[in-house]
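Have a look at final_26.txt; it's compact mmCIF, C-alpha atoms and all ligand atoms:
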# COMPACT_ATOMS: atom_id res chain seq x y z
CA MET A 1 3.57 29.67 0.07
CA SER A 2 6.06 27.98 -2.24
CA THR A 3 9.09 30.17 -1.77
CA ASN A 4 12.13 27.90 -1.57
CA SER A 5 14.00 27.11 -4.75
CA LEU A 6 15.05 23.63 -5.80
CA SER A 7 18.67 24.45 -4.97
CA GLU A 8 17.70 25.37 -1.41
CA ILE A 9 15.78 22.10 -1.19
CA ARG A 10 18.80 20.22 -2.51
CA GLU A 11 20.94 21.73 0.21
CA LYS A 12 18.47 20.64 2.87
CA VAL A 13 18.24 17.09 1.49
CA GLU A 14 22.04 16.82 1.37
CA LYS A 15 22.27 17.92 4.99
CA GLY A 16 19.40 15.65 6.07
CA ILE A 17 17.22 18.61 7.09
CA ARG A 18 13.47 17.93 7.11
CA LEU A 19 11.55 19.54 4.24
CA SER A 20 8.73 21.96 5.04
CA LYS A 21 5.27 22.28 3.56
CA SER A 22 6.50 25.17 1.47
CA ASP A 23 9.36 22.99 0.14
CA ALA A 24 6.82 20.31 -0.72
CA LEU A 25 4.69 22.81 -2.64
CA THR A 26 7.77 23.99 -4.52
CA LEU A 27 8.46 20.40 -5.53
CA MET A 28 4.85 19.87 -6.60
CA SER A 29 4.92 22.95 -8.82
CA SER A 30 8.24 22.08 -10.44
CA ASN A 31 8.53 20.19 -13.72
CA ASP A 32 12.18 19.40 -13.15
CA LEU A 33 11.50 15.71 -12.71
CA ILE A 34 15.13 14.69 -13.19
CA SER A 35 16.37 16.92 -10.35
CA ILE A 36 13.54 15.85 -8.05
CA GLY A 37 14.24 12.21 -8.93
CA GLN A 38 17.97 12.62 -8.22
CA LEU A 39 17.22 14.04 -4.79
CA ALA A 40 14.77 11.24 -4.01
CA ASN A 41 17.32 8.71 -5.23
CA MET A 42 19.91 10.19 -2.90
CA VAL A 43 17.53 9.66 0.04
CA LYS A 44 16.64 6.15 -1.16
CA GLU A 45 20.30 5.18 -1.39
CA LYS A 46 21.01 6.57 2.09
CA LYS A 47 18.21 4.43 3.47
CA SER A 48 18.49 1.19 1.53
CA GLY A 49 21.64 1.45 -0.59
CA ASN A 50 21.29 -0.48 -3.82
CA TYR A 51 18.68 -2.89 -2.46
CA VAL A 52 15.19 -3.22 -3.91
CA TYR A 53 12.76 -5.29 -1.89
CA PHE A 54 9.96 -7.59 -2.98
CA ASN A 55 8.01 -10.39 -1.42
CA VAL A 56 6.20 -13.53 -2.46
CA ASN A 57 2.62 -12.84 -1.56
CA ARG A 58 -0.96 -13.56 -2.50
CA HIS A 59 -3.85 -11.10 -2.33
CA ILE A 60 -7.28 -12.36 -1.25
CA ASN A 61 -10.45 -10.23 -1.37
CA LEU A 62 -13.10 -11.92 0.77
CA THR A 63 -16.11 -10.05 -0.59
CA ASN A 64 -16.92 -7.26 -3.01
CA ILE A 65 -20.18 -6.43 -1.23
CA CYS A 66 -19.71 -3.06 0.41
CA VAL A 67 -21.96 -0.59 2.20
CA SER A 68 -19.58 2.26 1.49
CA ARG A 69 -19.72 2.41 -2.35
CA CYS A 70 -16.92 4.98 -2.69
CA LYS A 71 -17.04 6.97 -5.92
CA PHE A 72 -13.50 5.97 -6.94
CA CYS A 73 -14.09 2.24 -6.47
CA ALA A 74 -14.98 -0.10 -9.33
CA PHE A 75 -14.69 -3.25 -7.23
CA SER A 76 -17.58 -2.84 -4.79
CA ARG A 77 -21.09 -4.19 -5.33
CA ASP A 78 -24.48 -4.16 -3.65
CA LYS A 79 -25.69 -7.43 -2.14
CA THR A 80 -28.29 -7.81 -4.88
CA ASP A 81 -25.90 -7.35 -7.84
CA THR A 82 -25.50 -10.46 -9.96
CA ASP A 83 -21.71 -10.33 -9.75
CA ALA A 84 -21.60 -9.79 -5.99
CA TYR A 85 -19.60 -12.48 -4.18
CA THR A 86 -18.59 -13.54 -0.70
CA MET A 87 -16.05 -16.27 -0.04
CA THR A 88 -16.94 -18.94 2.46
CA ILE A 89 -14.29 -19.85 5.01
CA GLU A 90 -13.69 -23.05 3.03
CA ASP A 91 -13.17 -20.97 -0.18
CA VAL A 92 -10.57 -18.88 1.61
CA LEU A 93 -8.70 -21.90 2.95
CA GLU A 94 -8.70 -23.42 -0.53
CA ALA A 95 -7.31 -20.19 -2.04
CA ALA A 96 -4.64 -20.11 0.65
CA GLN A 97 -3.68 -23.73 0.16
CA SER A 98 -3.57 -23.44 -3.62
CA VAL A 99 -0.36 -21.44 -3.34
CA LYS A 100 1.27 -23.57 -0.67
CA ASN A 101 4.03 -24.71 -3.03
CA LEU A 102 4.95 -21.23 -4.31
CA GLY A 103 6.98 -20.22 -1.28
CA ILE A 104 4.36 -17.66 -0.24
CA THR A 105 5.34 -15.69 2.87
CA GLU A 106 2.35 -13.31 3.06
CA PHE A 107 -1.40 -13.21 2.54
CA HIS A 108 -2.71 -9.70 1.91
CA ILE A 109 -6.43 -9.72 2.71
CA VAL A 110 -8.73 -6.71 2.14
CA SER A 111 -12.43 -6.62 1.34
CA GLY A 112 -15.62 -4.61 1.12
CA LEU A 113 -17.59 -3.54 4.21
CA HIS A 114 -20.17 -6.33 4.19
CA PRO A 115 -23.57 -5.47 5.72
CA ASP A 116 -24.22 -8.87 7.37
CA LEU A 117 -21.04 -10.84 8.00
CA PRO A 118 -20.23 -10.96 11.73
CA PHE A 119 -16.82 -10.04 13.14
CA ASP A 120 -16.38 -13.74 14.01
CA TYR A 121 -16.17 -14.56 10.28
CA TYR A 122 -13.00 -12.46 10.01
CA LEU A 123 -11.52 -13.83 13.23
CA GLU A 124 -12.14 -17.37 12.08
CA ILE A 125 -10.52 -16.73 8.71
CA ILE A 126 -7.36 -15.47 10.35
CA SER A 127 -7.14 -18.29 12.89
CA ARG A 128 -7.95 -21.06 10.39
CA ILE A 129 -5.38 -19.84 7.85
CA LYS A 130 -2.83 -19.61 10.64
CA ASN A 131 -3.76 -23.11 11.70
CA ILE A 132 -2.98 -24.66 8.31
CA MET A 133 -0.11 -22.35 7.30
CA PRO A 134 1.41 -21.01 10.53
CA GLU A 135 4.58 -19.82 8.81
CA VAL A 136 2.76 -17.36 6.50
CA HIS A 137 2.34 -13.77 7.71
CA ILE A 138 -1.21 -12.41 7.46
CA GLN A 139 -1.40 -8.74 6.57
CA ALA A 140 -5.10 -7.99 6.62
CA PHE A 141 -7.87 -5.44 6.92
CA THR A 142 -7.45 -1.77 6.14
CA ALA A 143 -7.94 0.76 8.93
CA VAL A 144 -11.35 1.42 7.35
CA GLU A 145 -12.35 -2.23 7.83
CA ILE A 146 -11.05 -2.25 11.41
CA ALA A 147 -13.15 0.85 12.24
CA TYR A 148 -16.16 -0.90 10.64
CA PHE A 149 -15.62 -4.11 12.66
CA ALA A 150 -15.60 -1.99 15.84
CA LYS A 151 -19.01 -0.63 14.87
CA ILE A 152 -20.64 -3.94 13.91
CA ALA A 153 -19.19 -5.84 16.88
CA ASN A 154 -19.79 -3.02 19.33
CA LEU A 155 -16.18 -3.13 20.46
CA SER A 156 -13.47 -0.50 20.74
CA ILE A 157 -10.83 -0.27 18.03
CA LYS A 158 -8.29 -1.56 20.53
CA GLU A 159 -10.45 -4.59 21.38
CA VAL A 160 -10.93 -5.42 17.68
CA LEU A 161 -7.20 -5.23 17.02
CA MET A 162 -6.35 -7.28 20.12
CA LYS A 163 -8.76 -10.05 19.11
CA LEU A 164 -7.41 -10.12 15.56
CA LYS A 165 -3.84 -10.17 16.82
CA GLU A 166 -4.68 -13.04 19.15
CA ALA A 167 -6.19 -14.91 16.17
CA GLY A 168 -2.93 -14.50 14.24
CA LEU A 169 -3.04 -11.16 12.43
CA GLY A 170 0.51 -10.03 11.72
CA SER A 171 0.16 -6.48 10.41
CA LEU A 172 -2.17 -4.03 8.66
CA PRO A 173 -2.05 -3.01 4.99
CA GLY A 174 -2.10 0.67 4.11
CA GLY A 175 -5.36 0.92 2.18
CA GLY A 176 -8.41 3.07 2.82
CA ALA A 177 -6.38 6.21 3.49
CA GLU A 178 -7.39 7.76 0.14
CA ILE A 179 -6.79 11.45 0.93
CA LEU A 180 -6.85 12.20 4.65
CA ASN A 181 -8.96 15.30 4.32
CA HIS A 182 -12.56 15.96 5.36
CA ARG A 183 -13.60 17.77 2.17
CA VAL A 184 -12.29 15.04 -0.10
CA ARG A 185 -13.73 12.17 1.96
CA GLU A 186 -17.15 13.83 2.16
CA ALA A 187 -17.14 14.13 -1.63
CA VAL A 188 -15.89 10.67 -2.61
CA CYS A 189 -16.21 8.27 0.34
CA SER A 190 -18.54 9.80 2.91
CA LYS A 191 -19.83 6.49 4.26
CA LYS A 192 -16.63 5.10 5.68
CA ALA A 193 -14.05 5.89 8.35
CA THR A 194 -13.11 9.56 8.63
CA SER A 195 -9.49 10.72 8.46
CA ASP A 196 -9.35 10.86 12.25
CA GLU A 197 -10.72 7.33 12.55
CA TRP A 198 -8.22 6.01 10.00
CA LEU A 199 -5.38 7.64 11.94
CA GLU A 200 -6.72 6.41 15.29
CA VAL A 201 -6.79 2.80 14.05
CA MET A 202 -3.18 3.11 12.88
CA ARG A 203 -2.08 4.76 16.13
CA THR A 204 -3.76 2.02 18.18
CA ALA A 205 -2.33 -0.76 16.00
CA HIS A 206 1.18 0.66 16.28
CA ASN A 207 0.82 0.98 20.05
CA LEU A 208 -0.17 -2.70 20.18
CA GLY A 209 2.98 -3.62 18.27
CA LEU A 210 1.25 -4.18 14.93
CA LYS A 211 3.16 -2.58 12.05
CA SER A 212 1.31 -1.17 9.06
CA ASN A 213 1.71 0.50 5.70
CA ALA A 214 0.08 3.71 4.47
CA THR A 215 -1.29 4.63 1.06
CA MET A 216 -2.53 7.71 -0.77
CA LEU A 217 -5.02 7.46 -3.63
CA PHE A 218 -4.17 10.40 -5.89
CA GLY A 219 -5.33 11.82 -9.21
CA HIS A 220 -9.05 12.35 -8.57
CA ILE A 221 -10.75 15.34 -6.97
CA GLU A 222 -7.99 16.28 -4.53
CA ALA A 223 -5.98 19.51 -4.77
CA LEU A 224 -2.18 19.24 -4.88
CA GLU A 225 -1.97 20.89 -1.48
CA GLU A 226 -4.28 18.21 -0.07
CA ARG A 227 -1.81 15.55 -1.24
CA ILE A 228 0.96 17.36 0.61
CA ASP A 229 -1.16 17.69 3.76
CA HIS A 230 -1.82 13.94 3.53
CA LEU A 231 1.93 13.25 3.50
CA LEU A 232 2.55 15.66 6.38
CA THR A 233 -0.22 14.03 8.45
CA LEU A 234 1.40 10.62 7.97
CA ARG A 235 4.82 12.04 8.81
CA GLU A 236 3.45 13.46 12.05
CA LEU A 237 1.90 10.14 13.13
CA GLN A 238 5.09 8.34 12.20
CA ASP A 239 7.08 10.70 14.44
CA GLU A 240 4.75 9.65 17.24
CA THR A 241 4.56 5.86 16.71
CA GLY A 242 7.23 4.74 14.22
CA GLY A 243 4.81 2.01 13.14
CA PHE A 244 4.58 2.65 9.39
CA GLN A 245 6.88 0.48 7.30
CA SER A 246 6.16 1.65 3.82
CA PHE A 247 4.23 4.29 1.92
CA ILE A 248 2.47 3.45 -1.34
CA PRO A 249 1.16 6.22 -3.61
CA LEU A 250 -1.74 4.73 -5.62
CA PRO A 251 -2.59 6.38 -8.96
CA PHE A 252 -6.35 6.60 -9.52
CA HIS A 253 -7.78 4.26 -12.20
CA PRO A 254 -11.09 5.81 -13.35
CA GLN A 255 -12.63 3.07 -15.53
CA ASN A 256 -15.98 1.68 -14.26
CA THR A 257 -15.99 4.07 -11.29
CA GLN A 258 -18.32 7.01 -10.62
CA LEU A 259 -15.46 9.36 -11.57
CA THR A 260 -14.89 8.34 -15.18
CA SER A 261 -14.25 11.90 -16.38
CA PHE A 262 -10.83 11.81 -14.70
CA LYS A 263 -7.70 10.64 -16.53
CA LYS A 264 -5.26 8.17 -15.05
CA PRO A 265 -2.14 9.99 -13.73
CA THR A 266 0.56 10.00 -16.41
CA ALA A 267 4.03 8.45 -16.16
CA PHE A 268 5.49 11.86 -15.33
CA GLU A 269 3.03 12.47 -12.52
CA ASN A 270 3.51 9.00 -11.07
CA LEU A 271 7.29 9.31 -10.93
CA LYS A 272 7.08 12.83 -9.51
CA MET A 273 4.62 11.75 -6.80
CA LEU A 274 6.80 8.79 -5.81
CA ALA A 275 9.90 10.97 -5.65
CA ILE A 276 8.19 13.71 -3.64
CA SER A 277 6.82 11.11 -1.23
CA ARG A 278 10.36 9.82 -0.68
CA LEU A 279 11.55 13.36 0.04
CA ILE A 280 8.75 14.41 2.41
CA LEU A 281 8.37 11.15 4.32
CA ASP A 282 11.88 11.26 5.73
CA ASN A 283 10.87 9.04 8.67
CA LEU A 284 9.31 6.21 6.64
CA PRO A 285 11.75 3.41 5.86
CA HIS A 286 10.31 2.35 2.47
CA ILE A 287 8.48 3.72 -0.57
CA LYS A 288 6.65 1.05 -2.48
CA ALA A 289 5.98 1.15 -6.23
CA PHE A 290 2.92 -1.09 -6.55
CA TRP A 291 3.57 -2.49 -10.04
CA ILE A 292 -0.07 -3.52 -10.52
CA MET A 293 -1.21 0.11 -10.48
CA LEU A 294 1.86 1.76 -12.01
CA GLY A 295 2.50 -0.77 -14.75
CA LEU A 296 5.81 -2.65 -14.93
CA LYS A 297 7.63 0.03 -16.94
CA ILE A 298 6.97 2.89 -14.54
CA ALA A 299 7.42 0.64 -11.52
CA GLN A 300 10.89 -0.25 -12.82
CA LEU A 301 11.84 3.38 -13.50
CA SER A 302 10.60 4.37 -10.06
CA LEU A 303 13.55 2.40 -8.64
CA LEU A 304 15.69 5.36 -9.77
CA PHE A 305 13.20 7.93 -8.44
CA GLY A 306 13.07 7.02 -4.75
CA ALA A 307 11.17 3.74 -4.57
CA ASP A 308 12.87 0.74 -2.95
CA ASP A 309 10.11 -1.86 -3.02
CA LEU A 310 7.99 -3.42 -5.77
CA ASP A 311 5.47 -5.25 -3.55
CA GLY A 312 5.13 -8.86 -4.61
CA THR A 313 3.86 -11.65 -6.78
CA VAL A 314 0.20 -10.83 -5.84
CA VAL A 315 -1.28 -13.84 -7.78
CA GLU A 316 -4.80 -12.40 -8.05
CA GLU A 317 -5.80 -8.71 -7.99
CA LYS A 318 -9.36 -7.53 -8.22
CA ILE A 319 -9.55 -3.89 -7.06
CA THR A 320 -7.42 -2.23 -9.75
CA HIS A 321 -8.43 -4.69 -12.44
CA ALA A 322 -12.09 -3.80 -11.91
CA ALA A 323 -11.00 -0.22 -12.64
CA GLY A 324 -9.17 -0.96 -15.88
CA ALA A 325 -5.63 -1.90 -14.82
CA GLU A 326 -3.58 -3.00 -17.83
CA THR A 327 -1.08 -5.10 -15.92
CA GLY A 328 -1.37 -8.83 -15.37
CA GLN A 329 -2.71 -10.12 -12.07
CA SER A 330 0.43 -11.94 -11.17
CA ILE A 331 4.16 -11.73 -11.72
CA SER A 332 6.78 -14.42 -11.24
CA LYS A 333 9.75 -14.03 -8.98
CA GLU A 334 12.00 -14.32 -12.06
CA GLU A 335 10.30 -11.35 -13.74
CA LEU A 336 10.69 -9.27 -10.60
CA LEU A 337 14.37 -10.20 -10.43
CA ASN A 338 14.88 -9.17 -14.07
CA LEU A 339 13.21 -5.81 -13.58
CA ILE A 340 15.35 -5.07 -10.54
CA PHE A 341 18.68 -6.32 -11.97
CA ASP A 342 18.13 -4.41 -15.21
CA ALA A 343 17.62 -1.21 -13.22
CA GLY A 344 21.09 -1.79 -11.74
CA ARG A 345 19.75 -2.71 -8.33
CA ILE A 346 20.10 -5.74 -6.06
CA PRO A 347 16.87 -7.69 -5.51
CA VAL A 348 16.15 -8.64 -1.92
CA GLU A 349 13.34 -10.97 -1.07
CA ARG A 350 11.86 -9.86 2.24
CA ASP A 351 9.13 -10.99 4.55
CA THR A 352 6.26 -8.66 5.43
CA LEU A 353 8.21 -7.05 8.28
CA TYR A 354 11.23 -6.42 6.04
CA ASN A 355 13.36 -9.20 7.49
CA LEU A 356 15.67 -10.24 4.67
CA ILE A 357 15.03 -13.69 3.25
CA LYS A 358 17.36 -13.78 0.23
CA ILE A 359 19.72 -11.37 -1.44
CA TYR A 360 20.09 -12.29 -5.11
CA ASP A 361 23.37 -12.40 -6.94
CA LYS A 362 23.45 -10.95 -10.47
CA LYS A 363 26.14 -13.07 -12.07
CA GLU A 364 24.67 -16.35 -10.95
CA ARG A 365 21.01 -15.54 -10.95
CA ASP A 366 19.89 -18.75 -9.34
CA VAL A 367 22.59 -18.83 -6.73
CA LEU A 368 21.09 -17.07 -3.80
CA VAL A 369 22.83 -15.40 -0.97
CA GLU A 370 20.82 -16.76 1.90
CA THR A 371 20.71 -14.46 4.91
O1 LIG B 401 -7.87 1.06 -0.27
C1 LIG B 401 -9.66 1.73 -4.82
C2 LIG B 401 -7.40 1.99 -3.69
C3 LIG B 401 -6.64 0.41 -2.23
C4 LIG B 401 -9.13 2.40 -6.79
O2 LIG B 401 -0.38 -1.99 2.17
C5 LIG B 401 -7.98 2.39 -6.03
O3 LIG B 401 1.27 -2.87 1.08
C6 LIG B 401 -6.75 3.15 -7.81
O4 LIG B 401 -4.30 -0.42 -0.40
N1 LIG B 401 -7.85 3.20 -8.60
C7 LIG B 401 -6.34 -1.07 -2.10
N2 LIG B 401 -6.79 2.76 -6.52
C8 LIG B 401 -4.92 -1.38 -2.46
C9 LIG B 401 -3.97 -1.10 -1.33
C10 LIG B 401 -2.62 -1.67 -1.35
C11 LIG B 401 -2.07 -2.17 -2.52
C12 LIG B 401 -0.79 -2.73 -2.49
C13 LIG B 401 -0.07 -2.79 -1.33
C14 LIG B 401 -0.63 -2.29 -0.16
C15 LIG B 401 0.13 -2.38 1.12
C16 LIG B 401 -1.90 -1.72 -0.16
O5 LIG B 401 -6.76 0.72 -3.59
C17 LIG B 401 -7.92 0.92 -1.64
C18 LIG B 401 -8.06 2.26 -2.34
O6 LIG B 401 -7.31 3.24 -1.70
N3 LIG B 401 -8.34 2.01 -4.80
N4 LIG B 401 -10.17 1.97 -6.04
C19 LIG B 401 -9.04 2.83 -8.15
N5 LIG B 401 -10.13 2.89 -8.92

Here is a file; write its structure as structure tokens.
Amino acid sequence: MSTNSLSEIREKVEKGIRLSKSDALTLMSSNDLISIGQLANMVKEKKSGNYVYFNVNRHINLTNICVSRCKFCAFSRDKTDTDAYTMTIEDVLEAAQSVKNLGITEFHIVSGLHPDLPFDYYLEIISRIKNIMPEVHIQAFTAVEIAYFAKIANLSIKEVLMKLKEAGLGSLPGGGAEILNHRVREAVCSKKATSDEWLEVMRTAHNLGLKSNATMLFGHIEALEERIDHLLTLRELQDETGGFQSFIPLPFHPQNTQLTSFKKPTAFENLKMLAISRLILDNLPHIKAFWIMLGLKIAQLSLLFGADDLDGTVVEEKITHAAGAETGQSISKEELLNLIFDAGRIPVERDTLYNLIKIYDKKERDVLVET
């Protein structure tokens, strides 16, 4: 299958010719990280020049109670577990308001698939946050959660999305994609949305004008070819809808999961996966290096290997920290600026939909170029 050499791939990338599956497999089997990184960097610079994006956001996880209990997840709990929790609507509003003075532009809300909470709980959360902080964009509910809401509320996916949009939902995060492959999902997350359901939610959201991100959880039971097929599946849907904004490769953290015999992907593998994602997903505007999962050092280096976004300030992160993440839960804007400047890039604060808020000037760090 993998027949094309790196120099043939270079020629294609330079000419802007789409890479094939066989090219992708060649890249996956190569250890020439520097060459792959240079190619990815070339694509990154064509798309976003010297800019690196970040936002000022806060993550909120409404509940860790989940009927799915995926094998790779250390966050989820059964209802009867002593450390199971569910936030009341008042808790959520308090968490939202606690960051009112930080210049937050986005709430990122994802949760477990709770057995009893009604769909109205989620609708009310969106509309009440919007009511008190109308200027903040709400990016909430993975495609897996949306498919679950459709089941519990006996509504179509389109109806669920329309109601959430009406309540104030701004866009969808990219989680729950894991590996879009039947074999892998049956083995590690058989109780939640199938690949087709995940894709159908995204297609429907995009058709309703809701943008989304897409992720890939890699470094567990999947074969390398299954990673490539995942990327190609996303590329195909993006050709159809154009609704994906960014792609985020998520390295598997095994601690406290049901897959503890696996090792966390190494620095080399993380950078290679980010770079290959940039090369294959030629129709996705952004590749995000989620610093929480990569660690700050690799996230910074990734800015030379195809990534053009570091996600945001986050404030509180539970999913990766339950699985042994070594990063902090939060990062200040100043730290993000330092990481980006020191990589020779220009930091750009964006909103969720990639509208530019501020372009930062290196010489006079606090003097902002307001857009
Ligand atoms: O859906 C679960 C993954 C995702 C583990 O859209 C794990 O901008 C690693 O999707 N090790 C949640 N990963 C995080 C997510 C995300 C993060 C940042 C930005 C965006 C975005 C999305 O984390 C889950 C699942 O795929 N996950 N367990 C684990 N042990």

For ligand LIG 401 (chain B), the closest of A:Lys79, A:Arg345, A:His59, A:Lys100 counting all atoms listed in the file is A:His59

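Shortest atom-to-atom contact with ligand LIG 401 (chain B) among A:Leu19, A:Ala193, A:Ile359, A:Val92: A:Ala193, counting all atoms listed in the file.
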
Compute the distance from (6.7, 0.2, -9.0) to each atom, counting only C-alpha atoms, keep the residues with any atom at most 10 Å away, and return them as a PyMOL selection string; use the coordinates of the file.
chain A and resi 248-249+270-271+274+287-303+307-311+339

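Candidate residues A:Thr82, A:Ser68, A:Thr215, A:Asn338 were compared for distance to ligand LIG 401 (chain B), and the nearest is A:Thr215, using all atoms listed in the file.
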
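Residue nearest Glu335 of chain A within the list A:Thr313, A:Asp351, A:Lys358, A:His137: A:Thr313 [criterion: smallest interatomic distance, all atoms listed in the file].
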
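Here atom CA of Ala187 of chain A stands at a distance of 29.0 Å from atom CA of Gln245 of chain A.
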
Residues within 9 Å of Ala214 of chain A, please, as a list in words. Count only C-alpha atoms; anything in the same chain fewer than 6 positions from it doesn't count.
Pro173, Gly174, Gly175, Gly176, Ala177, Leu234, Phe244, Gln245, Ser246, Phe247, Ile248 and Pro249 of chain A

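With only C-alpha atoms as the atoms that count, the residue of A:Ser98, A:Ser171, A:Asn64, A:Thr320 with the shortest distance to Leu217 of chain A is A:Thr320.
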
Would you work out the distance separating atom CA of Gln38 of chain A from atom CA of Thr26 of chain A, expressed in Å to one decimal?
15.7 Å

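Compared by their closest atoms to ligand LIG 401 (chain B), and using all atoms listed in the file, the residues A:Asp229, A:Glu90, A:Asp78, A:Glu316 rank with A:Glu316 nearest.
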
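Atom CA of Val13 of chain A sits 18.3 Å away from atom CA of Asn31 of chain A.
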
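The shell of residues at most 10 Å from Pro265 of chain A, with only C-alpha atoms counted and near chain neighbours (fewer than 5 positions) removed, consists of Phe218, Gly219, His220, Leu250, Pro251, Phe252, His253, Pro254, Asn270, Leu271, Met273 and Leu294 of chain A.
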
With 3 Å of padding per side, what axis-aligned box (centre and edge lengths, Å, one decimal) covers all the listed atoms of segment 177-189 of chain A? Give it as lines of an AutoDock Vina configuration file.
center_x = -11.8
center_y = 12.0
center_z = 1.4
size_x = 16.8
size_y = 17.6
size_z = 14.0

Taking (17.4, 0.5, -5.5) in the file's coordinates, which residues come within 9 Å, counting all atoms listed in the file, written as a PyMOL selection string?
chain A and resi 41+44-45+48-53+303-304+306-309+340+343-347

Could you dump the residues just selected with C-alpha atoms as a PDB file, in the coordinates of the input?
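The file below, part20.pdb, is the result:
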ATOM      1  CA  ASN A  41      17.320   8.710  -5.230  1.00  0.00           C
ATOM      2  CA  LYS A  44      16.640   6.150  -1.160  1.00  0.00           C
ATOM      3  CA  GLU A  45      20.300   5.180  -1.390  1.00  0.00           C
ATOM      4  CA  SER A  48      18.490   1.190   1.530  1.00  0.00           C
ATOM      5  CA  GLY A  49      21.640   1.450  -0.590  1.00  0.00           C
ATOM      6  CA  ASN A  50      21.290  -0.480  -3.820  1.00  0.00           C
ATOM      7  CA  TYR A  51      18.680  -2.890  -2.460  1.00  0.00           C
ATOM      8  CA  VAL A  52      15.190  -3.220  -3.910  1.00  0.00           C
ATOM      9  CA  TYR A  53      12.760  -5.290  -1.890  1.00  0.00           C
ATOM     10  CA  LEU A 303      13.550   2.400  -8.640  1.00  0.00           C
ATOM     11  CA  LEU A 304      15.690   5.360  -9.770  1.00  0.00           C
ATOM     12  CA  GLY A 306      13.070   7.020  -4.750  1.00  0.00           C
ATOM     13  CA  ALA A 307      11.170   3.740  -4.570  1.00  0.00           C
ATOM     14  CA  ASP A 308      12.870   0.740  -2.950  1.00  0.00           C
ATOM     15  CA  ASP A 309      10.110  -1.860  -3.020  1.00  0.00           C
ATOM     16  CA  ILE A 340      15.350  -5.070 -10.540  1.00  0.00           C
ATOM     17  CA  ALA A 343      17.620  -1.210 -13.220  1.00  0.00           C
ATOM     18  CA  GLY A 344      21.090  -1.790 -11.740  1.00  0.00           C
ATOM     19  CA  ARG A 345      19.750  -2.710  -8.330  1.00  0.00           C
ATOM     20  CA  ILE A 346      20.100  -5.740  -6.060  1.00  0.00           C
ATOM     21  CA  PRO A 347      16.870  -7.690  -5.510  1.00  0.00           C
TER      22      PRO A 347
END

Within 10 Å of segment 124-135 of chain A, counting all atoms listed in the file, which residues show up once you throw out same-chain ones fewer than 3 positions away? Write them as a ChimeraX atom specification, please.
/A:62,88-90,92-94,96-97,100,104-107,109,119-121,138-140,164-170
